[in-house]
Amino acid sequence: MTTLTDGDTTTEGMPSLRRLAADRATGVLYSDVGAVYLADGEVVHAESTAAPGLDELLARDGRLAADCWQQAVRDGGARGGLARRLVDSGRLSRGELEICHLCALFDAAFFVLDASPGKVRKVRFRPGAGHWLGPIRAVSAGLVEREVRRRRRLLDRLWPHPAVDTSPVRRLPEPPNGPGRVRVPRRQRDVLELADGTRTPYAIARQLGRPAFHTLVDVRRLAAAGRVATPPPATAPPPTCLL
């Protein structure tokens, strides 16, 4: 058996996830930006400081009021029954909850498991730990890994400048009317309105109540179109003279 134990670390989250899935492990895999929860080797939940949570996504478009979520947490969260409580109360259908949960899961898992070029991300596994949300829908670790890699390839194909993902987004002057001017879709216009040079893509995602990865896609597309600034690449410090 090769299951990670509490306190074990590795430089990559994806190999650890594969090992845990092969061993049908139950517990939580932590990285510096969040956690992925497993039950019998399948991924049942993920959360990240870089992505809006399930409650924020459910609140989007008024789907679920904040006080309804808080009441469900008080009634069922401590016993791992929050998901069941939301459905039983009639506030959400099972299908609505599953769709929103999968969206939040894949969004958070991308940031927890993705190792961008030049970044070393350590993970730690705590066996036996569960999430207070309770069971909703499990997905295979293989599917999560494929989706994380697909998202990384998409971002790099759109605009291969990862600095735009974490830097404050600053909109550039709108080009004059002419044949070369490209109309910006509504969802990207929403991002542009908040691109004041102080908000990162993650802050914009939270303010809009949208998945963080979708906002990264919009920011990279806007950068490729010349509508938001691309930060200059970091430069290495000059060599120190030893004479």
# chains A, B, ... in the order shown; residues from 1 in each chain; ligands from 1
>>> select_by_dssp(residues="range 35-188 of chain A", states="helix (DSSP H, G or I)", output="ChimeraX atom specification")
/A:54-62,66-79,82-88,94-113,141-158,162-165,186-188
>>> select_by_dssp(residues="range 32-219 of chain A", states="strand (DSSP E or B)", output="ChimeraX atom specification")
/A:34-39,42-48,123-127,139-140,170-171,196
>>> residues_around(residues="range 105-109 of chain A", least_positions_apart="3", cutoff="9 Å", atoms="only C-alpha atoms", output="list in words")
Gly34, Ala35, Val36, Val43, Val44, His45, Ala46, Glu47, Ser48, Thr49, Ala50, Ala51, Pro52, Gly53, Leu54, Cys100, His101, Leu102, Val112, Leu113, Asp114, Val144, Glu145, Glu147, Val148, Pro211, Ala212, Phe213 and His214 of chain A
>>> atom_distance(atom1="CA of Val169 in chain A", atom2="CA of Gln207 in chain A")
13.6 Å
>>> residues_around(residues="Leu64 in chain A", least_positions_apart="3", cutoff="12 Å", atoms="only C-alpha atoms", output="list in words")
Leu54, Asp55, Glu56, Leu57, Leu58, Ala59, Arg60, Asp61, Asp67, Cys68, Trp69, Gln70, Gln71, Ala72, Leu86, Val87, Ser89, Gly90, Arg91, Leu92, Ser93, Glu96, Leu97 and Cys100 of chain A
>>> write_last_selection(atoms="N, CA, C and O atoms", output="JSON list (two decimals), in the first residue's frame")
[["chain", "number", "residue", "atom", "x", "y", "z"],
["A", 54, "LEU", "N", -19.16, 27.12, -2.99],
["A", 54, "LEU", "CA", -20.47, 26.70, -3.45],
["A", 54, "LEU", "C", -21.55, 27.68, -3.04],
["A", 54, "LEU", "O", -22.47, 27.97, -3.82],
["A", 55, "ASP", "N", -21.47, 28.22, -1.83],
["A", 55, "ASP", "CA", -22.49, 29.17, -1.37],
["A", 55, "ASP", "C", -22.50, 30.43, -2.23],
["A", 55, "ASP", "O", -23.57, 30.97, -2.54],
["A", 56, "GLU", "N", -21.31, 30.89, -2.66],
["A", 56, "GLU", "CA", -21.24, 32.09, -3.50],
["A", 56, "GLU", "C", -21.81, 31.83, -4.89],
["A", 56, "GLU", "O", -22.47, 32.70, -5.47],
["A", 57, "LEU", "N", -21.56, 30.64, -5.42],
["A", 57, "LEU", "CA", -22.09, 30.32, -6.74],
["A", 57, "LEU", "C", -23.61, 30.14, -6.69],
["A", 57, "LEU", "O", -24.32, 30.51, -7.62],
["A", 58, "LEU", "N", -24.10, 29.56, -5.60],
["A", 58, "LEU", "CA", -25.55, 29.39, -5.46],
["A", 58, "LEU", "C", -26.25, 30.73, -5.30],
["A", 58, "LEU", "O", -27.41, 30.88, -5.72],
["A", 59, "ALA", "N", -25.55, 31.70, -4.69],
["A", 59, "ALA", "CA", -26.14, 33.02, -4.52],
["A", 59, "ALA", "C", -26.19, 33.81, -5.82],
["A", 59, "ALA", "O", -26.92, 34.80, -5.91],
["A", 60, "ARG", "N", -25.44, 33.37, -6.82],
["A", 60, "ARG", "CA", -25.42, 34.06, -8.11],
["A", 60, "ARG", "C", -26.82, 34.04, -8.71],
["A", 60, "ARG", "O", -27.52, 33.05, -8.68],
["A", 61, "ASP", "N", -27.23, 35.16, -9.24],
["A", 61, "ASP", "CA", -28.55, 35.30, -9.87],
["A", 61, "ASP", "C", -29.69, 35.04, -8.89],
["A", 61, "ASP", "O", -30.81, 34.71, -9.29],
["A", 67, "ASP", "N", -28.98, 33.98, 3.73],
["A", 67, "ASP", "CA", -29.55, 33.55, 5.00],
["A", 67, "ASP", "C", -30.08, 32.12, 4.93],
["A", 67, "ASP", "O", -30.08, 31.40, 5.92],
["A", 68, "CYS", "N", -30.52, 31.68, 3.73],
["A", 68, "CYS", "CA", -30.96, 30.29, 3.55],
["A", 68, "CYS", "C", -29.79, 29.33, 3.71],
["A", 68, "CYS", "O", -29.91, 28.27, 4.33],
["A", 69, "TRP", "N", -28.65, 29.69, 3.14],
["A", 69, "TRP", "CA", -27.45, 28.86, 3.29],
["A", 69, "TRP", "C", -27.04, 28.79, 4.76],
["A", 69, "TRP", "O", -26.76, 27.70, 5.28],
["A", 70, "GLN", "N", -27.02, 29.92, 5.42],
["A", 70, "GLN", "CA", -26.59, 29.95, 6.82],
["A", 70, "GLN", "C", -27.53, 29.13, 7.70],
["A", 70, "GLN", "O", -27.09, 28.44, 8.63],
["A", 71, "GLN", "N", -28.84, 29.18, 7.40],
["A", 71, "GLN", "CA", -29.79, 28.39, 8.18],
["A", 71, "GLN", "C", -29.56, 26.90, 7.95],
["A", 71, "GLN", "O", -29.60, 26.10, 8.89],
["A", 72, "ALA", "N", -29.26, 26.51, 6.71],
["A", 72, "ALA", "CA", -28.99, 25.10, 6.41],
["A", 72, "ALA", "C", -27.71, 24.64, 7.10],
["A", 72, "ALA", "O", -27.63, 23.50, 7.55],
["A", 86, "LEU", "N", -30.59, 21.24, 2.23],
["A", 86, "LEU", "CA", -30.95, 22.21, 1.19],
["A", 86, "LEU", "C", -32.00, 21.63, 0.24],
["A", 86, "LEU", "O", -32.95, 22.32, -0.15],
["A", 87, "VAL", "N", -31.84, 20.37, -0.12],
["A", 87, "VAL", "CA", -32.79, 19.74, -1.04],
["A", 87, "VAL", "C", -34.12, 19.47, -0.34],
["A", 87, "VAL", "O", -35.20, 19.76, -0.89],
["A", 89, "SER", "N", -35.47, 20.99, 2.05],
["A", 89, "SER", "CA", -36.19, 22.22, 2.36],
["A", 89, "SER", "C", -36.97, 22.76, 1.16],
["A", 89, "SER", "O", -37.81, 23.64, 1.30],
["A", 90, "GLY", "N", -36.67, 22.23, -0.04],
["A", 90, "GLY", "CA", -37.33, 22.70, -1.25],
["A", 90, "GLY", "C", -36.71, 23.95, -1.85],
["A", 90, "GLY", "O", -37.20, 24.48, -2.84],
["A", 91, "ARG", "N", -35.62, 24.44, -1.25],
["A", 91, "ARG", "CA", -34.99, 25.65, -1.76],
["A", 91, "ARG", "C", -34.23, 25.39, -3.06],
["A", 91, "ARG", "O", -34.03, 26.29, -3.86],
["A", 92, "LEU", "N", -33.76, 24.15, -3.22],
["A", 92, "LEU", "CA", -33.02, 23.77, -4.42],
["A", 92, "LEU", "C", -33.44, 22.38, -4.84],
["A", 92, "LEU", "O", -33.76, 21.53, -4.00],
["A", 93, "SER", "N", -33.46, 22.14, -6.15],
["A", 93, "SER", "CA", -33.68, 20.77, -6.62],
["A", 93, "SER", "C", -32.35, 20.02, -6.54],
["A", 93, "SER", "O", -31.27, 20.62, -6.48],
["A", 96, "GLU", "N", -30.15, 21.01, -9.52],
["A", 96, "GLU", "CA", -29.51, 22.33, -9.38],
["A", 96, "GLU", "C", -28.29, 22.25, -8.47],
["A", 96, "GLU", "O", -27.23, 22.83, -8.77],
["A", 97, "LEU", "N", -28.45, 21.55, -7.36],
["A", 97, "LEU", "CA", -27.36, 21.45, -6.40],
["A", 97, "LEU", "C", -26.18, 20.69, -7.01],
["A", 97, "LEU", "O", -25.02, 21.09, -6.85],
["A", 100, "CYS", "N", -24.29, 22.89, -9.64],
["A", 100, "CYS", "CA", -23.51, 23.96, -9.02],
["A", 100, "CYS", "C", -22.33, 23.38, -8.24],
["A", 100, "CYS", "O", -21.23, 23.95, -8.23]]
>>> closest_residue(among="A:Gly209, A:Ser167, A:Val191, A:Thr230", to="Ala104 in chain A", atoms="only C-alpha atoms")
A:Gly209
>>> residues_around(residues="Arg153 in chain A", least_positions_apart="6", cutoff="12 Å", atoms="only C-alpha atoms", output="ChimeraX atom specification")
/A:110,114,116-117,146-147,159-160,162,217
>>> atom_distance(atom1="CA of Trp132 in chain A", atom2="CA of Arg18 in chain A")
23.9 Å
>>> atom_distance(atom1="CA of Pro127 in chain A", atom2="CA of Leu20 in chain A")
9.9 Å
>>> closest_atom_pairs(of="range 83-165 of chain A", to="range 24-33 of chain A", cutoff="6 Å", atoms="only C-alpha atoms", output="JSON lines")
{"residue": "A:Val112", "atom": "CA", "partner": "A:Val33", "partner_atom": "CA", "distance": 5.8}
{"residue": "A:Lys122", "atom": "CA", "partner": "A:Ser31", "partner_atom": "CA", "distance": 6.0}
{"residue": "A:Val123", "atom": "CA", "partner": "A:Ser31", "partner_atom": "CA", "distance": 4.5}
{"residue": "A:Arg124", "atom": "CA", "partner": "A:Tyr30", "partner_atom": "CA", "distance": 5.1}
{"residue": "A:Phe125", "atom": "CA", "partner": "A:Leu29", "partner_atom": "CA", "distance": 4.4}
{"residue": "A:Arg126", "atom": "CA", "partner": "A:Val28", "partner_atom": "CA", "distance": 5.3}
{"residue": "A:Pro127", "atom": "CA", "partner": "A:Gly27", "partner_atom": "CA", "distance": 4.2}
{"residue": "A:Gly128", "atom": "CA", "partner": "A:Gly27", "partner_atom": "CA", "distance": 4.4}
{"residue": "A:Ala129", "atom": "CA", "partner": "A:Gly27", "partner_atom": "CA", "distance": 4.4}
>>> write_last_selection(atoms="N, CA, C and O atoms", output="short mmCIF file (atom, residue, chain, number, x, y, z; two decimals), in the first residue's frame")
data_model
loop_
_atom_site.label_atom_id
_atom_site.label_comp_id
_atom_site.auth_asym_id
_atom_site.auth_seq_id
_atom_site.Cartn_x
_atom_site.Cartn_y
_atom_site.Cartn_z
N VAL A 112 -6.09 23.89 -6.58
CA VAL A 112 -5.43 23.06 -5.57
C VAL A 112 -4.39 22.15 -6.21
O VAL A 112 -3.30 21.96 -5.66
N LYS A 122 3.40 21.87 -2.63
CA LYS A 122 3.40 20.69 -1.78
C LYS A 122 1.98 20.37 -1.32
O LYS A 122 1.15 21.27 -1.17
N VAL A 123 1.72 19.09 -1.09
CA VAL A 123 0.42 18.66 -0.59
C VAL A 123 0.61 17.77 0.63
O VAL A 123 1.67 17.19 0.85
N ARG A 124 -0.46 17.69 1.41
CA ARG A 124 -0.46 16.88 2.63
C ARG A 124 -1.79 16.17 2.72
O ARG A 124 -2.85 16.75 2.42
N PHE A 125 -1.78 14.92 3.12
CA PHE A 125 -3.01 14.13 3.20
C PHE A 125 -3.37 13.83 4.65
O PHE A 125 -2.52 13.42 5.45
N ARG A 126 -4.65 14.04 4.96
CA ARG A 126 -5.18 13.69 6.28
C ARG A 126 -6.21 12.59 6.10
O ARG A 126 -7.32 12.84 5.62
N PRO A 127 -5.89 11.37 6.47
CA PRO A 127 -6.82 10.26 6.24
C PRO A 127 -8.05 10.34 7.13
O PRO A 127 -8.00 10.84 8.26
N GLY A 128 -9.16 9.87 6.60
CA GLY A 128 -10.38 9.75 7.38
C GLY A 128 -11.22 11.00 7.49
O GLY A 128 -12.38 10.94 7.93
N ALA A 129 -10.69 12.15 7.12
CA ALA A 129 -11.42 13.41 7.27
C ALA A 129 -12.50 13.53 6.21
O ALA A 129 -12.31 13.13 5.05
#
>>> residues_around(residues="Arg187 in chain A", least_positions_apart="4", cutoff="12 Å", atoms="only C-alpha atoms", output="list of chain:residue names")
A:Arg183, A:Val191, A:Leu192, A:Glu193, A:Leu194, A:Ile204, A:Ala205, A:Leu208, A:Gly209, A:Arg210, A:His214, A:Thr215, A:Val217, A:Asp218, A:Val219, A:Arg221, A:Leu222
>>> closest_residue(among="A:His161, A:Arg152, A:Arg84, A:Arg189", to="Glu174 in chain A", atoms="only C-alpha atoms")
A:Arg189
